[in-house]
Number of protein chains: 2
Amino acid sequence: MATIRDVARAAGVSIATVSRVYADSPAVSEESTRRVLSAGARLDYWPNAAARSLTTSRTGALGVLLPDIHGEFFSEVIRGIDQAACTESFQVIVSGSHAHADALVSMGRSLRGRVDGLIVMAPDEACTPAIAQLARSFPIVLLNCSASCDSCDSISIANFEGAHTLVRHLLSLGHRRIAIILGPAGNVDAEDRRQGYRAALREAGIEPDSALEFAGDFSESSGYVAADALLRHASGVDAVFATNDCMAIGLLSALQDRGTHVPTDVALAGFDDIAVARYLNPPLTTVRVDAFQLGQRAVSLWLAHRQDRSVERGPVREVLPVRLVVRGSCGWRPSAGVGKADSLRERAVPARSRAGVVPFGAAGDQPLSSGMPAP
Amino acid sequence: MATIRDVARAAGVSIATVSRVYADSPAVSEESTRRVLSAGARLDYWPNAAARSLTTSRTGALGVLLPDIHGEFFSEVIRGIDQAACTESFQVIVSGSHAHADALVSMGRSLRGRVDGLIVMAPDEACTPAIAQLARSFPIVLLNCSASCDSCDSISIANFEGAHTLVRHLLSLGHRRIAIILGPAGNVDAEDRRQGYRAALREAGIEPDSALEFAGDFSESSGYVAADALLRHASGVDAVFATNDCMAIGLLSALQDRGTHVPTDVALAGFDDIAVARYLNPPLTTVRVDAFQLGQRAVSLWLAHRQDRSVERGPVREVLPVRLVVRGSCGWRPSAGVGKADSLRERAVPARSRAGVVPFGAAGDQPLSSGMPAP
DNA sequence: TGGGATGATGTAACCGTTTTCTCAGGCCTT
DNA sequence: AAGGCCTGAGAAAACGGTTACATCATCCCA
């Protein structure tokens, strides 16, 4: 592999000149530039990234630490990050499966000199100290983290508002005894959604009943299992809010296995709006989270952060709005008569589906929060 | 940030000793090791990756170049790669959206000194020269590429066999006039699937009819659009093979919009077995591709390649087996009476679903190819 | 007791860049 | 014509590690 010296020799200039040409520095004559580029092309030369970042102490790369890159939610987050990073000529180093704090710290460590900063997603509260540790070495943006470190910007999902709006919608349809399938203990998303659920009930004059709160862990099978407890303990349940779509799917299957019909016997709603949701039978009412945008915004935040690192200011905390997506599983029906073809068209033409997902300008069509940085 | 010199000073040793301790070199006394590690911990030191890779000319990172990281297929590939790389202590640098050859080359360039090698996925034939160019700088494993470069190992999907088996299955159900929705022009997966389709027809004594081959581009909307042409041009079609699941979904929606019932009016099958497939109504018969394993195997191949780089040998070409997944959309029904609960349980319990996907030991349950390296 | 083997450690060159000086030469000003 | 100022280019010092080689005890055995 050709080095800067080979090119300098071939072009009859010094290495400094070659360096300047490849760094787009000014003050290189046209003649020199031409000769350097031609020699470089001939030798298939390109500056070595490691050497470059050693002197500049910039790497042009961004690390992404995720708990587990399973499922489409993460894939969309990564896509958003990659897209945003790419337009700023940043490379993305992804690493999944950082369930526990130790892995987080050791990963951050081995990224020293390899990235300029980190986007960290660790929804488990137990990771808070690990994140504080990492923040001493890197500028970090927290993605959907429980931790709120003073030196980190963060972006998260409007979990509370989403759950709150969803439950209010269920209430508006006349449901009173509304159960919830919880997420994993210690997961901040899950907890916020529960709080939104409770708040909506209280506002409707209903005291939350812990007997209606069933365990779950965001997996499809935990939703399936919850059905038994649900049917056994609380026969009078009108509606169920599964705190994510996977569990809603498991629950739906279990209910159908047991001859319970959705939505006539019991209404069902989820959270996330994964791709499958609209294809279920009945299609699932849920809350849409724009994972792609979440990733994009995280990068924007990070770029902004590093720009004005000198400027003294508190951490920026951004909340990504979500929106209610009303479909058949909660028993809602349009008052005006609408043909079957319309609802099917939503599924068929991607370009139109975004607008069509919330049918007929239903109440949930507005963003739930502004998406602006909060103090 | 502390450097090796800071630690050496604090521990009262030379930088060589510190280096040796962090590189797990032998021949460092216990006493020195203890003092170095303690000083290192106190100063929060960790070797700088850029500096290290500059001297060793190893980076401990693996680049992954993908055409577009949209959808769950890619997310699974990345997960497989990350998982396999992680167990070998390799970092993964992902980059998506390399639709055209130029982007591929310039990306590879900027990865100089940043990765030890590349896993490249570029199903478009036009990228072949770009790949050859990259292969001069890096050890590369090709993922599902049309290009077959002499110095690259490659792994791909058994597209031909999958399509062949699927179409044979359709034939065995009595379908004779079987249409196909093609993929994008120049896409090697799409082309191989078409060849498998044609071969199966010929073996059954049916001459492939180009009037039954409809354009498509792997997108849901192109499947939707294909329905019109299909219904107009070829009223006597028994069955349709959409060369991926997305198009099958679009097609299914369009057919339902037009009052055509699947599978009674026309049978339908896809390819890929994306997560949505089993939740469609009717559930989609398709060919399962294990994207996770595809990613894992690519890394294994790459690791093996770099181990015996000195050894002279031809390129390894591995083909990942696929398998037929029979569901309701092609009109197949079990001869024995089976209750509804069974088919629903497949959907509900993930742990069982793998075994349950091919119901009742149907013909397609065996792998279609051995997965061993071919000469 | 001397000398070679052994084992722990230190010295210094090197990896491939960037960047700060320094310098030469040409041009403008006075 | 002399001095000051630009402009382009080169020399050399980092950057933070690794590692070949040198050094120096120590120990063992002849």
# chains A, B, ... in the order shown; residues from 1 in each chain; ligands from 1

$ calpha_fit_and_write --fixed "chain B" --moving "chain A" --output "tab-separated table (two decimals) with C-alpha atoms, in the first residue's frame"
chain	number	residue	atom	x	y	z
A	1	MET	CA	-6.77	11.68	28.45
A	2	ALA	CA	-3.88	9.76	29.93
A	3	THR	CA	-1.25	8.33	27.59
A	4	ILE	CA	1.10	5.46	27.97
A	5	ARG	CA	3.78	7.85	29.21
A	6	ASP	CA	1.62	9.13	32.04
A	7	VAL	CA	1.04	5.60	33.20
A	8	ALA	CA	4.71	4.69	32.88
A	9	ARG	CA	5.68	7.68	34.98
A	10	ALA	CA	3.04	6.97	37.59
A	11	ALA	CA	4.05	3.32	37.81
A	12	GLY	CA	7.77	4.03	37.74
A	13	VAL	CA	8.44	1.86	34.70
A	14	SER	CA	9.16	2.45	31.03
A	15	ILE	CA	6.49	2.78	28.38
A	16	ALA	CA	7.57	-0.55	26.93
A	17	THR	CA	6.55	-2.28	30.10
A	18	VAL	CA	3.19	-0.58	30.14
A	19	SER	CA	2.63	-1.55	26.56
A	20	ARG	CA	3.51	-5.15	27.34
A	21	VAL	CA	1.11	-5.28	30.24
A	22	TYR	CA	-1.82	-4.04	28.19
A	23	ALA	CA	-0.96	-6.35	25.31
A	24	ASP	CA	-0.84	-9.38	27.61
A	25	SER	CA	2.74	-9.99	26.64
A	26	PRO	CA	4.64	-12.53	28.70
A	27	ALA	CA	7.84	-11.70	30.54
A	28	VAL	CA	6.56	-8.96	32.78
A	29	SER	CA	7.07	-9.54	36.47
A	30	GLU	CA	4.06	-9.74	38.71
A	31	GLU	CA	5.24	-6.75	40.63
A	32	SER	CA	5.46	-4.56	37.52
A	33	THR	CA	2.13	-5.78	36.21
A	34	ARG	CA	0.45	-4.91	39.44
A	35	ARG	CA	1.92	-1.43	39.56
A	36	VAL	CA	1.08	-0.70	35.94
A	37	LEU	CA	-2.51	-1.87	36.22
A	38	SER	CA	-3.07	0.10	39.35
A	39	ALA	CA	-1.65	3.26	37.83
A	40	GLY	CA	-3.67	2.63	34.67
A	41	ALA	CA	-6.89	2.25	36.58
A	42	ARG	CA	-6.17	5.37	38.59
A	43	LEU	CA	-5.58	7.42	35.46
A	44	ASP	CA	-8.43	5.78	33.55
A	45	TYR	CA	-5.99	4.71	30.88
A	46	TRP	CA	-6.68	2.53	27.87
A	47	PRO	CA	-4.45	2.20	24.79
A	48	ASN	CA	-5.43	4.48	21.95
A	49	ALA	CA	-6.77	2.37	19.11
A	50	ALA	CA	-5.48	4.64	16.34
A	51	ALA	CA	-1.93	4.63	17.63
A	52	ARG	CA	-2.03	0.92	18.18
A	53	SER	CA	-3.27	0.14	14.70
A	54	LEU	CA	-0.73	2.49	13.20
A	55	THR	CA	2.16	0.38	14.44
A	56	THR	CA	0.59	-3.02	14.20
A	57	SER	CA	-1.27	-2.33	10.96
A	58	ARG	CA	-4.16	-4.24	12.41
A	59	THR	CA	-7.32	-2.45	13.40
A	60	GLY	CA	-9.54	-5.05	15.00
A	61	ALA	CA	-12.43	-3.79	12.95
A	62	LEU	CA	-14.47	-5.13	10.09
A	63	GLY	CA	-16.26	-2.95	7.57
A	64	VAL	CA	-19.69	-3.82	6.26
A	65	LEU	CA	-20.91	-2.23	3.07
A	66	LEU	CA	-24.57	-2.71	2.31
A	67	PRO	CA	-26.74	-1.40	-0.49
A	68	ASP	CA	-29.42	-0.14	1.87
A	69	ILE	CA	-30.10	-1.13	5.42
A	70	HIS	CA	-33.82	-0.94	5.06
A	71	GLY	CA	-36.04	-3.65	6.44
A	72	GLU	CA	-35.64	-6.60	8.67
A	73	PHE	CA	-33.57	-8.67	6.30
A	74	PHE	CA	-30.62	-6.31	6.61
A	75	SER	CA	-31.17	-5.82	10.27
A	76	GLU	CA	-30.80	-9.55	10.76
A	77	VAL	CA	-27.70	-9.69	8.58
A	78	ILE	CA	-26.12	-6.92	10.64
A	79	ARG	CA	-27.08	-8.65	13.84
A	80	GLY	CA	-25.45	-11.87	12.65
A	81	ILE	CA	-22.32	-10.03	11.66
A	82	ASP	CA	-22.13	-8.07	14.89
A	83	GLN	CA	-22.65	-11.15	16.98
A	84	ALA	CA	-19.99	-13.18	15.21
A	85	ALA	CA	-17.54	-10.29	15.12
A	86	CYS	CA	-18.10	-9.55	18.78
A	87	THR	CA	-17.14	-13.04	19.91
A	88	GLU	CA	-13.85	-12.57	18.07
A	89	SER	CA	-13.39	-9.10	19.56
A	90	PHE	CA	-13.86	-7.35	16.29
A	91	GLN	CA	-15.65	-4.08	15.94
A	92	VAL	CA	-18.13	-3.56	13.13
A	93	ILE	CA	-18.30	-0.49	10.95
A	94	VAL	CA	-21.53	-0.40	9.05
A	95	SER	CA	-22.38	1.66	6.08
A	96	GLY	CA	-25.54	1.55	4.05
A	97	SER	CA	-26.77	3.07	0.84
A	98	HIS	CA	-24.13	1.97	-1.61
A	99	ALA	CA	-26.42	1.63	-4.52
A	100	HIS	CA	-23.81	2.48	-7.12
A	101	ALA	CA	-20.24	1.56	-7.76
A	102	ASP	CA	-18.71	4.97	-7.07
A	103	ALA	CA	-20.04	5.14	-3.55
A	104	LEU	CA	-18.66	1.67	-2.94
A	105	VAL	CA	-15.16	2.62	-4.02
A	106	SER	CA	-15.01	5.92	-2.20
A	107	MET	CA	-16.32	4.30	0.94
A	108	GLY	CA	-13.75	1.55	0.74
A	109	ARG	CA	-11.12	4.20	0.33
A	110	SER	CA	-12.06	6.13	3.41
A	111	LEU	CA	-11.93	2.89	5.33
A	112	ARG	CA	-8.19	2.52	4.74
A	113	GLY	CA	-6.48	2.11	8.05
A	114	ARG	CA	-9.80	1.80	9.75
A	115	VAL	CA	-10.71	-1.82	9.05
A	116	ASP	CA	-8.90	-5.07	8.45
A	117	GLY	CA	-11.33	-6.20	5.82
A	118	LEU	CA	-14.71	-5.84	4.30
A	119	ILE	CA	-17.96	-7.68	3.94
A	120	VAL	CA	-19.62	-6.34	0.85
A	121	MET	CA	-23.16	-6.83	-0.30
A	122	ALA	CA	-23.92	-5.46	-3.72
A	123	PRO	CA	-26.52	-7.47	-5.53
A	124	ASP	CA	-26.32	-5.27	-8.59
A	125	GLU	CA	-24.13	-6.56	-11.38
A	126	ALA	CA	-22.92	-3.06	-12.16
A	127	CYS	CA	-20.80	-3.10	-9.03
A	128	THR	CA	-18.51	-5.87	-10.19
A	129	PRO	CA	-15.59	-3.65	-11.26
A	130	ALA	CA	-15.86	-1.61	-8.08
A	131	ILE	CA	-15.54	-4.76	-6.04
A	132	ALA	CA	-12.50	-5.88	-7.98
A	133	GLN	CA	-10.98	-2.52	-7.18
A	134	LEU	CA	-11.71	-2.84	-3.49
A	135	ALA	CA	-10.33	-6.35	-3.36
A	136	ARG	CA	-6.90	-4.96	-4.14
A	137	SER	CA	-6.85	-3.13	-0.80
A	138	PHE	CA	-8.71	-5.46	1.53
A	139	PRO	CA	-9.53	-9.06	2.15
A	140	ILE	CA	-13.17	-9.17	1.20
A	141	VAL	CA	-16.07	-11.51	1.65
A	142	LEU	CA	-18.84	-11.07	-0.84
A	143	LEU	CA	-22.34	-11.37	0.48
A	144	ASN	CA	-24.86	-12.31	-2.10
A	145	CYS	CA	-23.00	-10.66	-4.92
A	146	SER	CA	-23.15	-11.26	-8.60
A	147	ALA	CA	-19.48	-10.54	-8.87
A	148	SER	CA	-17.21	-13.50	-8.43
A	149	CYS	CA	-13.77	-12.17	-7.89
A	150	ASP	CA	-10.92	-14.65	-7.79
A	151	SER	CA	-9.42	-13.36	-4.59
A	152	CYS	CA	-12.69	-13.10	-2.67
A	153	ASP	CA	-14.59	-15.70	-0.76
A	154	SER	CA	-18.30	-15.39	-1.11
A	155	ILE	CA	-21.50	-16.54	0.46
A	156	SER	CA	-24.88	-16.39	-1.08
A	157	ILE	CA	-28.40	-17.63	-0.76
A	158	ALA	CA	-29.70	-20.72	-2.52
A	159	ASN	CA	-31.97	-18.59	-4.67
A	160	PHE	CA	-32.20	-21.02	-7.53
A	161	GLU	CA	-32.94	-24.00	-5.34
A	162	GLY	CA	-35.44	-22.08	-3.25
A	163	ALA	CA	-37.43	-20.87	-6.23
A	164	HIS	CA	-37.16	-24.27	-7.85
A	165	THR	CA	-38.54	-26.07	-4.81
A	166	LEU	CA	-41.25	-23.51	-4.31
A	167	VAL	CA	-42.47	-23.77	-7.88
A	168	ARG	CA	-42.32	-27.55	-7.73
A	169	HIS	CA	-44.54	-27.34	-4.69
A	170	LEU	CA	-47.03	-25.18	-6.57
A	171	LEU	CA	-46.97	-27.68	-9.43
A	172	SER	CA	-47.57	-30.55	-7.03
A	173	LEU	CA	-50.72	-28.81	-5.89
A	174	GLY	CA	-52.00	-28.94	-9.45
A	175	HIS	CA	-51.22	-25.40	-10.54
A	176	ARG	CA	-50.13	-25.22	-14.19
A	177	ARG	CA	-50.21	-21.61	-15.30
A	178	ILE	CA	-47.84	-20.08	-12.81
A	179	ALA	CA	-46.92	-16.42	-13.14
A	180	ILE	CA	-43.85	-14.73	-11.66
A	181	ILE	CA	-43.28	-11.18	-10.48
A	182	LEU	CA	-39.66	-10.38	-11.23
A	183	GLY	CA	-37.20	-8.35	-9.20
A	184	PRO	CA	-35.13	-5.35	-10.30
A	185	ALA	CA	-33.20	-5.72	-13.54
A	186	GLY	CA	-29.58	-6.60	-12.88
A	187	ASN	CA	-30.27	-7.97	-9.42
A	188	VAL	CA	-28.62	-11.33	-9.13
A	189	ASP	CA	-31.00	-12.71	-6.51
A	190	ALA	CA	-33.95	-11.87	-8.66
A	191	GLU	CA	-32.38	-13.43	-11.72
A	192	ASP	CA	-31.48	-16.65	-9.93
A	193	ARG	CA	-34.99	-16.99	-8.60
A	194	ARG	CA	-36.35	-16.57	-12.10
A	195	GLN	CA	-34.04	-19.28	-13.36
A	196	GLY	CA	-35.20	-21.61	-10.60
A	197	TYR	CA	-38.77	-20.89	-11.57
A	198	ARG	CA	-38.12	-21.63	-15.21
A	199	ALA	CA	-36.21	-24.80	-14.49
A	200	ALA	CA	-39.01	-26.19	-12.34
A	201	LEU	CA	-41.54	-25.48	-15.06
A	202	ARG	CA	-39.45	-27.13	-17.73
A	203	GLU	CA	-38.96	-30.22	-15.61
A	204	ALA	CA	-42.72	-30.47	-15.39
A	205	GLY	CA	-42.95	-30.30	-19.16
A	206	ILE	CA	-44.18	-26.72	-19.19
A	207	GLU	CA	-42.40	-24.27	-21.45
A	208	PRO	CA	-41.91	-20.97	-19.57
A	209	ASP	CA	-44.07	-18.28	-21.08
A	210	SER	CA	-42.57	-14.80	-20.97
A	211	ALA	CA	-46.10	-13.38	-21.01
A	212	LEU	CA	-46.38	-14.76	-17.48
A	213	GLU	CA	-43.28	-12.92	-16.28
A	214	PHE	CA	-44.23	-9.53	-14.89
A	215	ALA	CA	-41.97	-6.66	-13.97
A	216	GLY	CA	-41.30	-5.73	-10.36
A	217	ASP	CA	-38.57	-4.17	-8.27
A	218	PHE	CA	-38.87	-5.91	-4.86
A	219	SER	CA	-41.00	-3.09	-3.45
A	220	GLU	CA	-44.47	-3.50	-2.03
A	221	SER	CA	-45.91	-0.97	-4.44
A	222	SER	CA	-44.49	-2.74	-7.46
A	223	GLY	CA	-46.35	-5.84	-6.31
A	224	TYR	CA	-49.51	-3.82	-6.03
A	225	VAL	CA	-49.08	-2.44	-9.51
A	226	ALA	CA	-48.33	-5.85	-10.99
A	227	ALA	CA	-51.81	-7.04	-10.09
A	228	ASP	CA	-53.41	-5.04	-12.87
A	229	ALA	CA	-51.13	-6.39	-15.54
A	230	LEU	CA	-51.60	-9.84	-14.12
A	231	LEU	CA	-55.38	-9.72	-14.17
A	232	ARG	CA	-55.49	-8.08	-17.57
A	233	HIS	CA	-52.97	-10.11	-19.51
A	234	ALA	CA	-53.40	-13.53	-18.12
A	235	SER	CA	-56.82	-14.38	-16.93
A	236	GLY	CA	-56.04	-18.06	-16.68
A	237	VAL	CA	-53.32	-17.78	-14.05
A	238	ASP	CA	-53.48	-20.46	-11.34
A	239	ALA	CA	-50.73	-19.23	-9.12
A	240	VAL	CA	-48.28	-16.37	-8.71
A	241	PHE	CA	-44.72	-16.54	-7.45
A	242	ALA	CA	-43.65	-13.12	-6.22
A	243	THR	CA	-39.85	-13.18	-6.03
A	244	ASN	CA	-39.93	-11.54	-2.63
A	245	ASP	CA	-42.40	-11.20	0.22
A	246	CYS	CA	-42.81	-7.44	-0.04
A	247	MET	CA	-44.15	-7.73	-3.54
A	248	ALA	CA	-46.35	-10.62	-2.45
A	249	ILE	CA	-47.88	-8.35	0.18
A	250	GLY	CA	-48.56	-5.60	-2.34
A	251	LEU	CA	-50.00	-8.10	-4.75
A	252	LEU	CA	-52.20	-9.67	-2.10
A	253	SER	CA	-53.67	-6.31	-1.17
A	254	ALA	CA	-54.34	-5.46	-4.80
A	255	LEU	CA	-55.99	-8.80	-5.47
A	256	GLN	CA	-58.22	-8.42	-2.45
A	257	ASP	CA	-59.13	-4.89	-3.55
A	258	ARG	CA	-60.25	-6.34	-6.86
A	259	GLY	CA	-62.28	-9.09	-5.26
A	260	THR	CA	-59.92	-11.86	-6.24
A	261	HIS	CA	-59.64	-14.40	-3.44
A	262	VAL	CA	-56.39	-16.00	-2.38
A	263	PRO	CA	-55.89	-18.96	-2.52
A	264	THR	CA	-59.20	-20.09	-4.06
A	265	ASP	CA	-59.07	-17.85	-7.13
A	266	VAL	CA	-55.32	-17.74	-7.36
A	267	ALA	CA	-52.50	-19.16	-5.25
A	268	LEU	CA	-49.70	-16.90	-4.04
A	269	ALA	CA	-46.20	-17.46	-2.80
A	270	GLY	CA	-43.29	-15.23	-1.87
A	271	PHE	CA	-39.62	-15.45	-0.98
A	272	ASP	CA	-37.66	-14.44	2.19
A	273	ASP	CA	-40.11	-15.28	4.96
A	274	ILE	CA	-40.08	-11.85	6.52
A	275	ALA	CA	-41.74	-11.59	9.91
A	276	VAL	CA	-44.96	-10.25	8.48
A	277	ALA	CA	-45.47	-13.24	6.18
A	278	ARG	CA	-47.03	-15.50	8.78
A	279	TYR	CA	-49.46	-12.83	9.92
A	280	LEU	CA	-50.98	-12.15	6.53
A	281	ASN	CA	-54.43	-13.29	5.71
A	282	PRO	CA	-54.01	-15.92	4.35
A	283	PRO	CA	-50.56	-16.62	5.80
A	284	LEU	CA	-47.98	-16.52	3.05
A	285	THR	CA	-46.23	-19.56	1.66
A	286	THR	CA	-42.66	-18.55	1.10
A	287	VAL	CA	-39.02	-19.56	1.26
A	288	ARG	CA	-37.16	-18.91	4.45
A	289	VAL	CA	-33.78	-17.23	4.32
A	290	ASP	CA	-31.84	-17.18	7.55
A	291	ALA	CA	-30.39	-13.69	7.35
A	292	PHE	CA	-28.83	-13.90	10.79
A	293	GLN	CA	-26.88	-16.98	9.82
A	294	LEU	CA	-25.91	-15.37	6.55
A	295	GLY	CA	-24.22	-12.60	8.49
A	296	GLN	CA	-22.58	-15.00	10.89
A	297	ARG	CA	-21.20	-17.20	8.15
A	298	ALA	CA	-19.83	-14.23	6.29
A	299	VAL	CA	-17.74	-13.32	9.30
A	300	SER	CA	-16.57	-16.91	9.76
A	301	LEU	CA	-15.51	-17.03	6.17
A	302	TRP	CA	-13.65	-13.78	6.54
A	303	LEU	CA	-11.86	-14.91	9.67
A	304	ALA	CA	-10.84	-18.17	8.02
A	305	HIS	CA	-9.66	-16.32	4.95
A	306	ARG	CA	-7.34	-14.03	6.86
A	307	GLN	CA	-5.93	-16.85	8.92
A	308	ASP	CA	-4.57	-18.81	6.01
A	309	ARG	CA	-3.87	-15.90	3.75
A	310	SER	CA	-0.44	-17.30	3.14
A	311	VAL	CA	-1.79	-20.63	1.97
A	312	GLU	CA	-2.48	-20.70	-1.72
A	313	ARG	CA	-6.00	-21.76	-2.56
A	314	GLY	CA	-8.93	-20.83	-4.72
A	315	PRO	CA	-11.81	-18.72	-3.46
A	316	VAL	CA	-14.36	-20.42	-1.24
A	317	ARG	CA	-17.92	-20.11	-2.43
A	318	GLU	CA	-20.52	-20.97	0.14
A	319	VAL	CA	-24.24	-21.25	-0.45
A	320	LEU	CA	-26.61	-20.85	2.44
A	321	PRO	CA	-29.48	-23.31	2.31
A	322	VAL	CA	-33.04	-22.07	2.38
A	323	ARG	CA	-36.23	-23.93	3.02
A	324	LEU	CA	-39.77	-23.96	1.88
A	325	VAL	CA	-42.33	-22.69	4.35
A	326	VAL	CA	-45.79	-23.86	3.45
A	327	ARG	CA	-48.69	-21.77	4.70
A	328	GLY	CA	-52.21	-21.05	3.55
A	329	SER	CA	-51.68	-18.72	0.59
A	330	CYS	CA	-50.90	-21.42	-1.95
A	331	GLY	CA	-53.98	-23.50	-1.27
A	332	TRP	CA	-52.19	-26.37	0.35
A	333	ARG	CA	-54.21	-28.17	3.01
A	334	PRO	CA	-53.14	-30.99	5.25
A	335	SER	CA	-54.80	-34.27	4.38
A	336	ALA	CA	-55.36	-35.10	8.04
A	337	GLY	CA	-57.87	-32.90	9.86
A	338	VAL	CA	-56.09	-30.35	12.00
A	339	GLY	CA	-57.71	-27.94	14.38
A	340	LYS	CA	-57.37	-24.21	14.22
A	341	ALA	CA	-55.59	-24.02	17.54
A	342	ASP	CA	-52.53	-25.73	16.15
A	343	SER	CA	-51.97	-23.31	13.37
A	344	LEU	CA	-52.42	-20.45	15.74
A	345	ARG	CA	-49.97	-21.79	18.19
A	346	GLU	CA	-47.30	-21.42	15.56
A	347	ARG	CA	-47.82	-17.70	15.72
A	348	ALA	CA	-47.97	-17.42	19.41
A	349	VAL	CA	-44.98	-19.06	20.96
A	350	PRO	CA	-41.71	-18.01	19.40
A	351	ALA	CA	-39.80	-20.89	20.87
A	352	ARG	CA	-41.96	-23.33	19.05
A	353	SER	CA	-42.53	-21.41	15.89
A	354	ARG	CA	-39.35	-22.43	14.13
A	355	ALA	CA	-40.33	-26.07	14.20
A	356	GLY	CA	-43.92	-25.28	13.54
A	357	VAL	CA	-43.51	-23.13	10.48
A	358	VAL	CA	-43.35	-26.00	8.09
A	359	PRO	CA	-46.42	-27.79	9.24
A	360	PHE	CA	-46.57	-31.50	9.77
A	361	GLY	CA	-43.27	-32.39	8.25
A	362	ALA	CA	-44.21	-31.21	4.78
A	363	ALA	CA	-42.00	-31.90	1.84
A	364	GLY	CA	-40.08	-28.68	2.03
A	365	ASP	CA	-38.74	-29.27	5.48
A	366	GLN	CA	-35.29	-30.32	4.40
A	367	PRO	CA	-32.52	-27.91	3.63
A	368	LEU	CA	-32.15	-27.36	-0.06
A	369	SER	CA	-28.40	-27.38	-0.22
A	370	SER	CA	-25.67	-28.54	2.02
A	371	GLY	CA	-24.18	-25.22	2.97
A	372	MET	CA	-20.71	-26.62	2.49
A	373	PRO	CA	-18.12	-24.69	0.53
A	374	ALA	CA	-18.31	-25.46	-3.16
A	375	PRO	CA	-15.15	-25.64	-5.23

$ residues_around --residues "DA12 (chain C)" --least-positions-apart "3" --cutoff "12 Å" --atoms "only C-alpha atoms (C1' of nucleotides)" --output "JSON, numbers by chain"
{"B": [15, 16], "D": [18, 19, 20, 21, 22]}

$ interface_residues --of "chain D" --to "chain A" --cutoff "7 Å" --atoms "only C-alpha atoms (C1' of nucleotides)" --output "MDAnalysis selection string"
chainID D and resid 8 10 15

$ write_last_selection --atoms "N, CA, C and O atoms (P, O5', C5', C4', C3', O3' and C1' of nucleotides)" --output "mmCIF file, in the first residue's frame"
data_model
loop_
_atom_site.group_PDB
_atom_site.id
_atom_site.type_symbol
_atom_site.label_atom_id
_atom_site.label_comp_id
_atom_site.auth_asym_id
_atom_site.auth_seq_id
_atom_site.Cartn_x
_atom_site.Cartn_y
_atom_site.Cartn_z
ATOM 1 P P DG D 8 0.065 30.712 -3.486
ATOM 2 O "O5'" DG D 8 1.181 29.574 -3.560
ATOM 3 C "C5'" DG D 8 2.199 29.674 -4.563
ATOM 4 C "C4'" DG D 8 3.396 28.871 -4.113
ATOM 5 C "C3'" DG D 8 3.075 27.422 -3.748
ATOM 6 O "O3'" DG D 8 3.903 26.579 -4.547
ATOM 7 C "C1'" DG D 8 4.358 28.464 -2.037
ATOM 8 P P DG D 10 8.380 20.927 -1.924
ATOM 9 O "O5'" DG D 10 9.411 20.853 -0.720
ATOM 10 C "C5'" DG D 10 10.579 21.657 -0.790
ATOM 11 C "C4'" DG D 10 11.182 21.805 0.600
ATOM 12 C "C3'" DG D 10 11.306 20.494 1.369
ATOM 13 O "O3'" DG D 10 12.551 20.475 2.035
ATOM 14 C "C1'" DG D 10 10.094 22.047 2.646
ATOM 15 P P DC D 15 2.778 15.615 21.493
ATOM 16 O "O5'" DC D 15 1.706 14.590 20.911
ATOM 17 C "C5'" DC D 15 0.705 15.003 20.009
ATOM 18 C "C4'" DC D 15 0.123 13.796 19.338
ATOM 19 C "C3'" DC D 15 0.212 12.527 20.185
ATOM 20 O "O3'" DC D 15 -1.015 12.363 20.866
ATOM 21 C "C1'" DC D 15 0.722 12.134 17.862
#

$ closest_atom_pairs --of "chain C" --to "chain A" --cutoff "12 Å" --atoms "only C-alpha atoms (C1' of nucleotides)" --output "tab-separated table"
residue	atom	partner	partner_atom	distance
C:DC15	C1'	A:Ala51	CA	8.0
C:DG16	C1'	A:Ala51	CA	5.1
C:DT17	C1'	A:Arg52	CA	4.8
C:DT18	C1'	A:Thr55	CA	5.8
C:DT19	C1'	A:Ala16	CA	8.8
C:DT20	C1'	A:Ala16	CA	11.5

$ residues_around --residues "DC24 (chain D)" --least-positions-apart "6" --cutoff "10 Å" --atoms "only C-alpha atoms (C1' of nucleotides)" --output "CSV table (one decimal) with C-alpha atoms (C1' of nucleotides), in the first residue's frame"
chain,number,residue,atom,x,y,z
C,8,DA,C1',12.9,-8.5,33.3
C,9,DT,C1',13.3,-4.0,31.8
C,10,DG,C1',14.7,0.0,29.2

$ select_by_dssp --residues "region 60-255 of chain A" --states "helix (DSSP H, G or I)" --output "JSON, numbers by chain"
{"A": [71, 72, 73, 74, 75, 76, 77, 78, 79, 80, 81, 82, 83, 84, 85, 86, 87, 101, 102, 103, 104, 105, 106, 107, 108, 109, 110, 125, 126, 127, 128, 129, 130, 131, 132, 133, 134, 135, 159, 160, 161, 162, 163, 164, 165, 166, 167, 168, 169, 170, 171, 172, 188, 189, 190, 191, 192, 193, 194, 195, 196, 197, 198, 199, 200, 201, 202, 203, 210, 211, 212, 220, 221, 222, 223, 224, 225, 226, 227, 228, 229, 230, 231, 232, 233, 245, 246, 247, 248, 249, 250, 251, 252, 253, 254, 255]}
